[in-house]
Structure formats: C-alpha cells, structure tokens
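Participant: File follows, work29.cif with mmCIF, C-alpha atoms and all ligand atoms:
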data_start
#
loop_
_atom_site.label_atom_id
_atom_site.label_comp_id
_atom_site.auth_asym_id
_atom_site.auth_seq_id
_atom_site.Cartn_x
_atom_site.Cartn_y
_atom_site.Cartn_z
CA MET A 1 -12.13 1.45 -13.32
CA GLU A 2 -11.46 -2.19 -14.17
CA GLU A 3 -10.33 -1.09 -17.62
CA ARG A 4 -7.86 1.45 -16.19
CA ILE A 5 -6.33 -1.17 -13.92
CA GLU A 6 -5.99 -3.52 -16.91
CA THR A 7 -4.16 -0.75 -18.77
CA LEU A 8 -1.81 -0.21 -15.84
CA LYS A 9 -1.18 -3.96 -15.59
CA ALA A 10 -0.19 -4.04 -19.27
CA TRP A 11 2.08 -1.00 -18.89
CA VAL A 12 3.79 -2.58 -15.87
CA ARG A 13 4.38 -5.80 -17.84
CA GLU A 14 5.90 -3.85 -20.75
CA ALA A 15 8.02 -1.50 -18.61
CA LYS A 16 11.74 -1.92 -18.11
CA ARG A 17 12.47 1.27 -16.16
CA ILE A 18 9.65 2.02 -13.73
CA VAL A 19 10.04 4.92 -11.35
CA PHE A 20 7.59 5.45 -8.50
CA PHE A 21 7.08 8.91 -7.03
CA GLY A 22 5.05 8.90 -3.84
CA GLY A 23 3.87 10.70 -0.78
CA ALA A 24 2.08 10.34 2.52
CA GLY A 25 -0.93 8.56 0.94
CA VAL A 26 1.30 5.52 0.34
CA SER A 27 1.58 5.00 4.10
CA THR A 28 -1.97 5.81 5.26
CA GLU A 29 -2.79 2.10 4.79
CA SER A 30 0.05 1.39 7.25
CA GLY A 31 -1.68 3.58 9.83
CA ILE A 32 0.36 6.77 9.37
CA PRO A 33 -1.90 9.79 8.76
CA ASP A 34 -1.23 12.05 5.77
CA PHE A 35 -1.57 15.83 5.82
CA ARG A 36 -4.35 16.56 3.33
CA GLY A 37 -6.41 13.35 3.07
CA VAL A 38 -9.83 13.11 4.76
CA ASP A 39 -8.34 11.72 7.98
CA GLY A 40 -5.22 13.81 7.53
CA LEU A 41 -3.51 15.96 10.12
CA TYR A 42 -5.01 19.13 8.64
CA HIS A 43 -8.42 17.92 9.74
CA GLN A 44 -7.32 17.22 13.31
CA LYS A 45 -7.30 19.81 16.04
CA TYR A 46 -3.93 21.30 16.85
CA ALA A 47 -2.93 24.75 17.96
CA TYR A 48 -0.89 25.07 14.73
CA PRO A 49 -1.09 23.48 11.28
CA PRO A 50 1.38 20.57 10.82
CA GLU A 51 3.51 22.55 8.40
CA THR A 52 4.05 25.22 11.06
CA ILE A 53 5.05 22.71 13.72
CA LEU A 54 7.28 20.83 11.28
CA SER A 55 9.19 23.95 10.30
CA HIS A 56 12.77 24.93 10.98
CA ASP A 57 11.81 28.08 12.90
CA PHE A 58 9.30 26.28 15.10
CA PHE A 59 11.84 23.54 15.88
CA LEU A 60 14.35 26.13 17.07
CA ARG A 61 11.84 28.22 19.00
CA ARG A 62 9.65 25.52 20.57
CA PRO A 63 11.46 22.17 20.44
CA GLU A 64 9.35 20.70 23.29
CA GLU A 65 6.12 21.29 21.39
CA PHE A 66 7.72 20.08 18.15
CA TYR A 67 8.70 16.78 19.79
CA ARG A 68 5.29 16.30 21.43
CA PHE A 69 3.63 16.43 18.00
CA TYR A 70 6.44 14.50 16.33
CA ARG A 71 6.30 11.55 18.75
CA ASP A 72 2.51 11.50 18.69
CA LYS A 73 1.80 11.83 14.95
CA ILE A 74 4.94 11.18 12.95
CA LEU A 75 6.64 8.33 14.86
CA VAL A 76 3.70 5.96 14.60
CA GLN A 77 4.37 2.87 16.71
CA GLY A 78 4.35 -0.50 14.93
CA ALA A 79 3.71 0.78 11.37
CA GLN A 80 4.51 -1.95 8.83
CA PRO A 81 4.96 -1.84 5.03
CA ASN A 82 1.76 -2.41 3.06
CA ALA A 83 0.94 -3.85 -0.38
CA THR A 84 2.31 -0.80 -2.23
CA HIS A 85 5.68 -0.84 -0.44
CA ARG A 86 5.97 -4.59 -0.99
CA LYS A 87 5.10 -4.48 -4.71
CA LEU A 88 7.69 -1.76 -5.37
CA ALA A 89 10.37 -3.80 -3.58
CA GLN A 90 9.37 -6.83 -5.68
CA TRP A 91 9.72 -4.88 -8.96
CA GLU A 92 13.16 -3.65 -7.94
CA GLN A 93 14.25 -7.24 -7.23
CA GLU A 94 12.89 -8.30 -10.62
CA GLY A 95 15.02 -5.57 -12.21
CA LYS A 96 12.13 -3.55 -13.65
CA LEU A 97 12.03 -0.67 -11.16
CA MET A 98 14.86 1.86 -11.19
CA ALA A 99 14.01 3.87 -8.12
CA VAL A 100 11.45 4.98 -5.59
CA VAL A 101 11.36 8.74 -5.09
CA THR A 102 9.49 9.52 -1.91
CA GLN A 103 8.43 12.54 0.07
CA ASN A 104 7.82 10.22 3.02
CA ILE A 105 10.09 10.13 6.02
CA ASP A 106 8.85 6.88 7.58
CA GLY A 107 11.44 4.41 6.21
CA LEU A 108 8.73 1.92 5.15
CA HIS A 109 10.08 1.44 1.60
CA GLN A 110 13.40 0.22 3.00
CA ALA A 111 11.54 -1.90 5.58
CA ALA A 112 9.81 -3.62 2.64
CA GLY A 113 13.18 -4.33 1.00
CA SER A 114 13.58 -1.43 -1.46
CA LYS A 115 17.22 -0.39 -1.90
CA LYS A 116 17.18 2.52 -4.33
CA VAL A 117 15.07 5.05 -2.47
CA TYR A 118 15.48 8.80 -2.88
CA GLU A 119 14.14 10.23 0.37
CA LEU A 120 13.57 13.84 -0.66
CA HIS A 121 12.55 14.88 2.84
CA GLY A 122 14.93 12.69 4.85
CA SER A 123 14.07 9.97 7.35
CA VAL A 124 12.90 9.65 10.94
CA LEU A 125 15.28 6.70 11.26
CA ARG A 126 18.32 9.00 11.33
CA ASN A 127 18.89 11.63 14.01
CA TYR A 128 21.93 13.76 14.75
CA CYS A 129 23.26 15.99 17.52
CA MET A 130 23.09 19.56 16.27
CA ASP A 131 26.49 20.28 17.80
CA CYS A 132 28.82 17.26 17.63
CA GLY A 133 26.92 15.34 14.90
CA LYS A 134 26.66 12.08 16.89
CA PHE A 135 24.12 9.67 15.33
CA TYR A 136 21.02 8.45 17.19
CA ASP A 137 18.46 5.90 16.00
CA VAL A 138 14.69 6.27 16.09
CA ASP A 139 14.34 4.26 19.32
CA PHE A 140 16.46 6.86 21.08
CA ILE A 141 13.97 9.56 20.06
CA ARG A 142 10.96 7.39 20.96
CA GLU A 143 12.30 6.47 24.36
CA SER A 144 13.46 9.95 25.31
CA SER A 145 11.10 12.53 26.73
CA GLY A 146 10.91 16.25 26.12
CA VAL A 147 13.73 17.43 23.88
CA PRO A 148 16.19 14.55 23.24
CA ARG A 149 19.72 15.49 24.28
CA CYS A 150 23.04 14.16 23.06
CA SER A 151 25.65 12.89 25.53
CA CYS A 152 27.38 16.23 24.88
CA GLY A 153 24.25 18.03 26.13
CA CYS A 154 23.03 19.50 22.83
CA THR A 155 19.72 18.97 21.05
CA VAL A 156 19.29 15.94 18.79
CA LYS A 157 17.45 16.73 15.56
CA PRO A 158 15.76 14.28 13.17
CA ASP A 159 17.39 14.08 9.73
CA VAL A 160 14.16 15.24 8.11
CA VAL A 161 13.83 18.27 5.89
CA LEU A 162 11.68 20.67 7.88
CA TYR A 163 9.69 23.40 6.12
CA GLY A 164 12.11 26.25 5.52
CA GLU A 165 15.10 23.92 5.04
CA SER A 166 16.63 22.98 1.72
CA LEU A 167 16.65 19.56 0.13
CA ASP A 168 19.82 17.54 -0.33
CA GLN A 169 21.22 18.32 -3.79
CA ASP A 170 22.62 14.82 -4.45
CA CYS A 171 19.25 13.33 -3.60
CA ILE A 172 17.47 15.72 -5.99
CA LEU A 173 19.93 15.01 -8.80
CA GLY A 174 19.60 11.25 -8.36
CA ALA A 175 15.81 11.49 -8.34
CA LEU A 176 15.78 13.74 -11.41
CA HIS A 177 18.04 11.37 -13.31
CA ALA A 178 15.79 8.41 -12.50
CA ILE A 179 12.60 10.29 -13.45
CA ALA A 180 14.13 11.54 -16.71
CA SER A 181 15.05 8.00 -17.78
CA ALA A 182 11.84 6.26 -16.68
CA ASP A 183 9.66 4.52 -19.27
CA LEU A 184 6.75 4.35 -16.81
CA LEU A 185 6.30 6.91 -14.03
CA ILE A 186 3.75 6.00 -11.39
CA VAL A 187 2.84 8.83 -9.04
CA GLY A 188 0.78 7.86 -6.00
CA GLY A 189 -0.53 8.96 -2.64
CA THR A 190 0.51 12.56 -2.99
CA SER A 191 -1.37 15.82 -3.30
CA LEU A 192 1.57 17.17 -5.40
CA SER A 193 1.31 20.44 -3.54
CA VAL A 194 4.71 20.49 -1.83
CA TYR A 195 7.57 22.10 -3.75
CA PRO A 196 10.28 21.65 -4.92
CA ALA A 197 9.43 17.91 -4.70
CA ALA A 198 6.37 18.05 -7.00
CA GLY A 199 8.34 20.01 -9.61
CA LEU A 200 10.62 17.00 -10.21
CA LEU A 201 7.85 15.44 -12.30
CA ASP A 202 8.54 18.05 -15.00
CA ASP A 203 11.61 16.04 -15.98
CA TYR A 204 9.61 13.00 -17.08
CA ARG A 205 9.78 12.76 -20.87
CA GLY A 206 7.71 9.65 -21.52
CA ASN A 207 4.05 9.17 -22.34
CA ARG A 208 3.10 6.85 -19.50
CA LEU A 209 2.51 9.05 -16.49
CA VAL A 210 0.10 7.31 -14.13
CA LEU A 211 -1.54 9.00 -11.14
CA VAL A 212 -2.97 6.76 -8.41
CA ASN A 213 -4.52 9.07 -5.85
CA LYS A 214 -7.79 9.26 -3.97
CA SER A 215 -8.24 12.96 -4.69
CA GLU A 216 -7.51 15.31 -7.58
CA THR A 217 -4.04 16.78 -8.01
CA PRO A 218 -2.76 19.84 -9.89
CA ARG A 219 -1.07 17.43 -12.36
CA ASP A 220 -4.17 15.48 -13.38
CA ALA A 221 -4.31 17.25 -16.74
CA ARG A 222 -0.80 15.97 -17.59
CA ALA A 223 -1.48 12.34 -16.65
CA ASP A 224 -1.90 9.60 -19.25
CA LEU A 225 -3.86 7.43 -16.83
CA ILE A 226 -5.64 8.37 -13.59
CA ILE A 227 -6.84 5.84 -11.02
CA ARG A 228 -8.73 7.30 -8.07
CA GLU A 229 -8.72 4.29 -5.76
CA PRO A 230 -6.90 3.34 -2.53
CA ILE A 231 -3.36 2.74 -3.74
CA GLY A 232 -2.82 -0.50 -1.82
CA GLN A 233 -5.87 -2.06 -3.47
CA VAL A 234 -4.55 -1.06 -6.89
CA PHE A 235 -0.99 -2.28 -6.28
CA ALA A 236 -2.19 -5.60 -4.84
CA GLN A 237 -3.65 -6.35 -8.31
CA LEU A 238 -0.50 -5.52 -10.29
CA PRO A 239 1.84 -8.20 -11.64
P1 LIG B 301 -0.47 15.05 1.44
O1 LIG B 301 -0.42 16.45 1.00
O2 LIG B 301 -1.01 14.76 2.79
O3 LIG B 301 -1.32 14.25 0.34
C1 LIG B 301 -1.61 12.89 0.47
C2 LIG B 301 -2.48 12.50 -0.72
O4 LIG B 301 -2.63 11.10 -0.69
C3 LIG B 301 -3.88 13.12 -0.72
O5 LIG B 301 -4.12 13.66 -2.00
C4 LIG B 301 -4.80 11.93 -0.43
O6 LIG B 301 -6.04 12.03 -1.10
C5 LIG B 301 -4.00 10.78 -0.95
N1 LIG B 301 -4.23 9.49 -0.28
C6 LIG B 301 -4.30 9.27 1.06
N2 LIG B 301 -4.43 7.97 1.30
C7 LIG B 301 -4.47 7.35 0.09
C8 LIG B 301 -4.62 6.01 -0.32
N3 LIG B 301 -4.73 5.01 0.55
N4 LIG B 301 -4.62 5.74 -1.66
C9 LIG B 301 -4.51 6.73 -2.57
N5 LIG B 301 -4.38 8.02 -2.23
C10 LIG B 301 -4.35 8.34 -0.92
O7 LIG B 301 0.96 14.36 1.39
P2 LIG B 301 2.17 14.62 0.36
O8 LIG B 301 3.11 13.50 0.55
O9 LIG B 301 1.70 14.96 -0.97
O10 LIG B 301 2.80 15.95 0.99
C11 LIG B 301 4.10 16.02 1.20
C12 LIG B 301 4.48 16.12 2.70
C13 LIG B 301 3.72 15.22 3.64
C14 LIG B 301 5.88 15.62 2.78
O11 LIG B 301 6.68 16.65 3.23
C15 LIG B 301 5.91 14.46 3.77
O12 LIG B 301 7.09 14.44 4.49
C16 LIG B 301 4.72 14.70 4.63
N6 LIG B 301 4.21 13.51 5.36
C17 LIG B 301 4.85 12.31 5.34
C18 LIG B 301 4.33 11.23 6.03
C19 LIG B 301 5.07 9.90 6.01
O13 LIG B 301 6.28 9.87 5.94
N7 LIG B 301 4.33 8.77 6.04
C20 LIG B 301 3.14 11.37 6.76
C21 LIG B 301 2.52 12.64 6.77
C22 LIG B 301 3.06 13.69 6.07
#
Could you render the structure as structure tokens?

Facilitator:
Amino acid sequence: MEERIETLKAWVREAKRIVFFGGAGVSTESGIPDFRGVDGLYHQKYAYPPETILSHDFFLRRPEEFYRFYRDKILVQGAQPNATHRKLAQWEQEGKLMAVVTQNIDGLHQAAGSKKVYELHGSVLRNYCMDCGKFYDVDFIRESSGVPRCSCGCTVKPDVVLYGESLDQDCILGALHAIASADLLIVGGTSLSVYPAAGLLDDYRGNRLVLVNKSETPRDARADLIIREPIGQVFAQLP
C-alpha cells in the first residue's frame, strides 16, 4: 500500500491538470452517511430504500415523508470539510487542479474553499419555490417543519437532482470538458453505480486514472492505480 501511495504522490507532483471525481464516500469522514458503504443508508432500516424516497415521484406524492428523511439523513447538522475537501481546495489554489466533479449535494467542497465545482446532482444549499421560484437557503429548510412553504404558499423544493430527474446540461458539459483535458483523474469515495454520472469517466483519455475507494467498483479494471483505503487518510499524505 505504501508503494501505491508513493506512486500517487509522484503523479500529483507531476500533474498540471488534476480533476477529482467523487461521491458520498468523500463526506463519510465528515459524518454524512453514504448509500452503499458499510454504515450506509442502504443498511439502515427505512420503509423504503433511499433512492425511492429521494425520487421525483416520491417527492410529489409524499413530500412530508421525503422531508422527514431529508432533514434526518441528508441535512447533517454541523458537518465540516475533511482532509480530502481541504487538499482539493489547496491544489486548486496552487493552480494544479482544474475542477472537482462531484455527485455530492452537501456543499462541503465549497465550504473548504474550492471554486470550480461541478455539482452533478445539485446542492442542498439552494432551494426554490416550485411555483414562483423564490430562493431559500438551507437554514430555512432546517428550521421549517413538515413541508416547507414559500411566502406564496407553494412547496419549496431543494435544488438537488432527484432520481427520475435529468441533470443540468451545462454542468455535464463543463464536467466532461474538464475530465477530457485532465492529465491525472482521481476518482474517490464513489461506488460508480449511479448513471449518467459514472459514465462521464469514459471521456478521460489519459493513462493516470486513480481509484481511491474502500470497496470495489465496476471501473477497477480500467484504473491505472487502485488504493483501497479511507480517502481522508490517503489525501492527508499527499503533497
Ligand atoms: P455510494 O453509492 O453510497 O458509494 C460510496 C462509496 O464510497 C462506496 O463504494 C464506499 O465503499 C466508499 N466509501 C465510503 N466511505 C469511504 C471512505 N472514507 N474512503 C474511501 N471510500 C469510502 O455513493 P455514490 O456517491 O457513488 O452514489 C451516488 C449518489 C449518492 C449520489 O446521487 C449522491 O447524491 C448520493 N449521496 C450524497 C451524499 C452527500 O452529498 N454527502 C450522501 C449520501 C448519498
């Protein structure tokens, strides 16, 4: 393992255009559960799997139940950026990281200082009235109870891409462009099982695809380097 981390350190030193592609496993060390990890939401007891609750249809049919789960498990109180978020922000400041492409919706990359973040699945920090479009911040959702209502009386919806909704095209194009021009692509904390997000990796043309994930992924065979360790521990050692 030591040898693999040394290889990654060398690749990071040599890289000029790093792109990081991540998922829920990046934020488990900040106390936000993932879906498929050992302590993930799939292993907790709910009446429905998370991907059913976090779907467009469910939101429209049972908004009360959606918001109960959402406030309890997605809006984790007091979550702070960890070593991975901080290292990525540092690389961007040093001019060696082009972009973070994330499936996460927790806003922790921006909280760490990252500016160029493609949030493929949106963000809990932005919320809009489904009728008049008025903006509400995350505190409004946290502090409300039941289904949050706009001053106009309509439902406020988080600006997150629920299952069954389509991704923002500009966000996808930006992410694809970054991935296609990366000289080092680090993929971490993701099961790579959610599409179309995982399919964006197909656009990487280089020969330094690194996977840092605790468990196997469907892309392991394509990776040039695999590190199966907690991602924060790995990133804390990088230059
Ligand atoms: P996932 O399917 O739950 O997979 C997470 C992966 O990360 C698993 O393979 C784990 O083994 C791995 N993992 C967990 N912790 C660590 C760690 N410390 N170090 C290394 N590896 C770790 O999550 P994906 O992101 O792949 O799935 C995409 C979904 C999950 C997206 O739609 C997200 O919006 C959604 N999600 C986001 C958050 C968040 O914003 N923090 C939380 C939960 C789910």

Participant: Step by step, gather every atom of ligand LIG 301 (chain B) that the file lists, find the box along x, y and z that holds them, add 4 Å on each side, and finally give centre and edge lengths in Å to one decimal, as lines of an AutoDock Vina configuration file.

Facilitator:
center_x = 0.5
center_y = 10.8
center_z = 2.1
size_x = 21.1
size_y = 19.6
size_z = 17.3

Participant: Using all atoms listed in the file, which of A:Lys96, A:Lys214, A:Arg142, A:Arg228 sits nearest Ala15 in chain A?

Facilitator: A:Lys96

Participant: Counting all atoms listed in the file, what is within 9 Å of range 73-84 of chain A, bar same-chain residues fewer than 2 positions away, as a PyMOL selection string?

Facilitator: chain A and resi 26-27+29-33+41+68-71+86-89+105-106+108-112+124+138+142+231-236

Participant: Record the distance separating CA of Val100 in chain A and atom C9 of ligand LIG 301 (chain B), expressed in Å with one decimal.

Facilitator: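 Atom C9 of ligand LIG 301 (chain B) lies 16.3 Å from CA of Val100 in chain A.
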
Participant: Just to confirm, what's the straight-line distance from CA of Tyr195 in chain A to CA of Glu92 in chain A in Å (one decimal)?

Facilitator: 26.7 Å

Participant: To one decimal place in Å, what is the distance between atom C7 of ligand LIG 301 (chain B) and CA of Asp183 in chain A?

Facilitator: 24.1 Å

Participant: Taking only C-alpha atoms into account, which of A:Leu8, A:Val194, A:Leu201, A:Val160 comes nearest His56 in chain A?

Facilitator: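 Of the candidates, the smallest distance to His56 in chain A is held by A:Val160.
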
Participant: Given only C-alpha atoms as the basis, pick out the residue of A:Tyr136, A:Phe58, A:Phe35, A:Tyr204 nearest to Ile186 in chain A.

Facilitator: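 The answer is A:Tyr204, which sits nearest to Ile186 in chain A.
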
Participant: Taking (-1.0, 14.3, 1.9) in the file's own coordinates, collect the residues within 12 Å, counting only C-alpha atoms, and hand them back as an mmCIF file with C-alpha atoms, keeping the file's coordinate frame.

Facilitator:
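Below you can see out_19.cif, which holds the result:
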data_model
loop_
_atom_site.group_PDB
_atom_site.id
_atom_site.type_symbol
_atom_site.label_atom_id
_atom_site.label_comp_id
_atom_site.auth_asym_id
_atom_site.auth_seq_id
_atom_site.Cartn_x
_atom_site.Cartn_y
_atom_site.Cartn_z
ATOM 1 C CA GLY A 22 5.050 8.900 -3.840
ATOM 2 C CA GLY A 23 3.870 10.700 -0.780
ATOM 3 C CA ALA A 24 2.080 10.340 2.520
ATOM 4 C CA GLY A 25 -0.930 8.560 0.940
ATOM 5 C CA VAL A 26 1.300 5.520 0.340
ATOM 6 C CA SER A 27 1.580 5.000 4.100
ATOM 7 C CA THR A 28 -1.970 5.810 5.260
ATOM 8 C CA ILE A 32 0.360 6.770 9.370
ATOM 9 C CA PRO A 33 -1.900 9.790 8.760
ATOM 10 C CA ASP A 34 -1.230 12.050 5.770
ATOM 11 C CA PHE A 35 -1.570 15.830 5.820
ATOM 12 C CA ARG A 36 -4.350 16.560 3.330
ATOM 13 C CA GLY A 37 -6.410 13.350 3.070
ATOM 14 C CA VAL A 38 -9.830 13.110 4.760
ATOM 15 C CA ASP A 39 -8.340 11.720 7.980
ATOM 16 C CA GLY A 40 -5.220 13.810 7.530
ATOM 17 C CA LEU A 41 -3.510 15.960 10.120
ATOM 18 C CA TYR A 42 -5.010 19.130 8.640
ATOM 19 C CA HIS A 43 -8.420 17.920 9.740
ATOM 20 C CA PRO A 50 1.380 20.570 10.820
ATOM 21 C CA GLU A 51 3.510 22.550 8.400
ATOM 22 C CA GLN A 103 8.430 12.540 0.070
ATOM 23 C CA ASN A 104 7.820 10.220 3.020
ATOM 24 C CA GLY A 188 0.780 7.860 -6.000
ATOM 25 C CA GLY A 189 -0.530 8.960 -2.640
ATOM 26 C CA THR A 190 0.510 12.560 -2.990
ATOM 27 C CA SER A 191 -1.370 15.820 -3.300
ATOM 28 C CA LEU A 192 1.570 17.170 -5.400
ATOM 29 C CA SER A 193 1.310 20.440 -3.540
ATOM 30 C CA VAL A 194 4.710 20.490 -1.830
ATOM 31 C CA ASN A 213 -4.520 9.070 -5.850
ATOM 32 C CA LYS A 214 -7.790 9.260 -3.970
ATOM 33 C CA SER A 215 -8.240 12.960 -4.690
ATOM 34 C CA GLU A 216 -7.510 15.310 -7.580
ATOM 35 C CA THR A 217 -4.040 16.780 -8.010
#

Participant: Which protein, DNA or RNA residues have an atom at most 12 Å from (24.0, 20.5, 15.9), counting only C-alpha atoms? List them as a count of residues only.

Facilitator: 20

Participant: Under the rule that all atoms listed in the file are counted, which of A:Leu125, A:Leu120, A:Val210, A:Val101 is the nearest residue to Ser166 in chain A?

Facilitator: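 Ranked by minimum distance to Ser166 in chain A, first place goes to A:Leu120.
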
Participant: With only C-alpha atoms and all ligand atoms as the basis for distance, which of A:Ser55, A:Gln169, A:Thr7, A:Ser151 is at the shortest distance from ligand LIG 301 (chain B)?

Facilitator: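 Of A:Ser55, A:Gln169, A:Thr7, A:Ser151, the one nearest ligand LIG 301 (chain B), counting only C-alpha atoms and all ligand atoms, is A:Ser55.
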
Participant: May I have the residues within 9 Å of Ile226 in chain A as a VMD selection string, using only C-alpha atoms and disregarding those fewer than 5 positions away in the same chain?

Facilitator: chain A and resid 4 209 to 213 220

Participant: Kindly indicate which residue among A:Gly174, A:Gly122, A:Gly206, A:Gly95 lies nearest to ligand LIG 301 (chain B), using only C-alpha atoms and all ligand atoms for the distances.

Facilitator: A:Gly122
